[in-house]
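All remarks here apply to the structure that follows.
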Amino acid sequence: MKHETKTFSKPEIMSPAGYWPQLRAAIEAGADAVYLGLTHFTARAKVGFTLEELPEVFRTLHARGVKGYVTFNTLVFEHELPEAARALAGIAAAGTDAIIVQDLGVARLARQIAPDLEIHGSTQMSITSAEGVALAQEQGVTRVVLARELSLDEIGAIRKQTDCELEMFVHGALCVSYSGQCFSSEAWGGRSANRGQCAQACRLPYELFVDGQHRPLGDARYLLSPGDLYALPLMPEIVQLGVSALKIEGRYKDENYVALTTAAYRKAVDEAWAGRPLSISRAEELQLEQVYSRGLGTFFVGGTNHQT
């Protein structure tokens, strides 16, 4: 029997690093890469490193063979361009492996300031097709973090149509808005989700009125709050897709969450890549649920099912 040879690489496991404890936990748990932000120009403005800390961050990561990607993934206003340019120059000088951007203007600016700096397109670019990937590539993007609303079949179809590196989320919190393009926080409280200040209005309880009548909801009153992504059971199919990186959400989460999720996906990817069955136990799954969970499921990754 003739065996197919893999024509793609084993995907990276990429873990969130809100700050030093999480960064160290990711390294120890077997992450191939981490993503981290500064304290500004990032979609998670409440956590992050200063520009002055970045050289030490990358020395620490590279000493252990781990890559580090800096999230520069907010929309940048015109009056901020000089400060953004200084930050991009500092990030490049610190030795980062890539920046992750949402704003196409930032991608263009980065190419001018640091031509050798690798640029990844954020999930907030809302890229859902090969055409979207091609548009990002025109701006110098070498890897695209696909929108989280795509199924494995849709990701596989994009993979067949592009040579660009693709990245997908496999675990963690989901946004009720398409690809994180939420304006409720800005509309209600003047805090823009696309500027790193999401007020998480989707996580609040709501009342439901049907034809003017109040309908009691009980425990279902968190109407806009999605469950958390858990794609680990699909790992045998995911490693065959040819994606370059598997991303764990959670730059606001603590080091225990980072350690447990990284270790679980490290083991699952290694097993799936080697063609072995997944060995995660119910006790290990329970740990993942208990460390942080709004209810785990495969959701869009497993295909569209509006009842779930």
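If you're wondering about the labels, chains in the structure tokens are A, B, ... by order shown, residues count from 1 in each chain, ligands from 1 in order shown.
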
All residues 9 Å or closer to Thr74 (chain A), only C-alpha atoms, same chain fewer than 5 positions away omitted, as a PyMOL selection string: chain A and resi 40-43+101-103+124+193-196

Every residue of region 49-254 of chain A that DSSP places in helix (DSSP H, G or I), as a ChimeraX atom specification: /A:51-63,78-94,104-113,123-125,130-138,152-161,178-180,184-189,193-195,201-203,218-221,232-238

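For Gly95 (chain A), the list of residues within 10 Å, based on only C-alpha atoms and with local chain neighbours fewer than 5 positions off taken out, reads Leu54, Pro55, Glu56, Val57, Phe58, Arg59, His62, Gly68, Tyr69, Gly90 and Leu117 of chain A.
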
Contacts of Glu149 (chain A) at 12 Å (only C-alpha atoms; same-chain gap of 4+ positions) as a ChimeraX atom specification: /A:123-124,126-129,145,153-155,168-170,174-180,229,298-305

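Excluding Glu207 (chain A) and any residue on its chain fewer than 6 positions from it, the residues at most 10 Å away by only C-alpha atoms are His214, Arg215, Pro216, Leu217, Gly218, Ala220, Arg221, Tyr222 and Leu223 of chain A.
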
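Proximity ranking of A:Ala26, A:Ala84, A:Ile13, A:Ala114 relative to Val239 (chain A) places A:Ile13 first, based on only C-alpha atoms.
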
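Shortest separation to Asp254 (chain A) among A:Ala201, A:Phe8, A:Ser15, A:Pro21 occurs at residue A:Pro21, atoms counted being only C-alpha atoms.
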
Contact check, region 162-263 of chain A to region 137-142 of chain A, at most 10 Å, counting only C-alpha atoms, closest pairs as a tab-separated table:
```
residue	atom	partner	partner_atom	distance
A:Asp163	CA	A:Thr142	CA	9.4
A:Cys164	CA	A:Thr142	CA	6.1
A:Glu165	CA	A:Thr142	CA	6.3
A:Leu166	CA	A:Thr142	CA	8.8
```

Using only C-alpha atoms, determine which residues lie at most 12 Å from Leu81 (chain A), disregarding the query and same-chain residues fewer than 2 positions distant; provide the list as a PDB file with C-alpha atoms, in the first residue's frame.
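Output file selection-v2.pdb is given in full below:
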```
ATOM      1  CA  PHE A  41      -1.663  49.637  19.675  1.00  0.00           C
ATOM      2  CA  LEU A  75      -6.871  50.581  13.909  1.00  0.00           C
ATOM      3  CA  VAL A  76      -4.416  53.501  13.998  1.00  0.00           C
ATOM      4  CA  PHE A  77      -5.551  57.109  13.687  1.00  0.00           C
ATOM      5  CA  GLU A  78      -3.665  59.573  11.503  1.00  0.00           C
ATOM      6  CA  HIS A  79      -2.420  61.678  14.417  1.00  0.00           C
ATOM      7  CA  GLU A  83       4.133  57.218  17.501  1.00  0.00           C
ATOM      8  CA  ALA A  84       3.165  54.057  15.602  1.00  0.00           C
ATOM      9  CA  ALA A  85       6.261  54.426  13.410  1.00  0.00           C
ATOM     10  CA  ARG A  86       8.506  54.711  16.493  1.00  0.00           C
ATOM     11  CA  ALA A  87       6.873  51.650  18.057  1.00  0.00           C
ATOM     12  CA  LEU A  88       7.271  49.592  14.869  1.00  0.00           C
ATOM     13  CA  ASP A 103      -4.823  47.914   9.773  1.00  0.00           C
ATOM     14  CA  GLY A 105      -2.041  51.165   6.632  1.00  0.00           C
ATOM     15  CA  VAL A 106       0.073  49.770   9.473  1.00  0.00           C
ATOM     16  CA  ARG A 108       2.308  49.420   4.616  1.00  0.00           C
ATOM     17  CA  LEU A 109       4.037  51.565   7.249  1.00  0.00           C
ATOM     18  CA  ALA A 110       5.865  48.533   8.650  1.00  0.00           C
ATOM     19  CA  ILE A 113      10.190  51.209   8.311  1.00  0.00           C
TER      20      ILE A 113
END
```

Point-to-point distance from CA of Ala157 (chain A) to CA of Ile238 (chain A), Å rounded to tenths: 13.0 Å

All residues 9 Å or closer to Val70 (chain A), only C-alpha atoms, same chain fewer than 4 positions away omitted, as an NGL selection string: :A and (34-38 or 42 or 91 or 96-101)

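Note that the spacing between CA of Glu131 (chain A) and CA of Leu234 (chain A) amounts to 26.3 Å.
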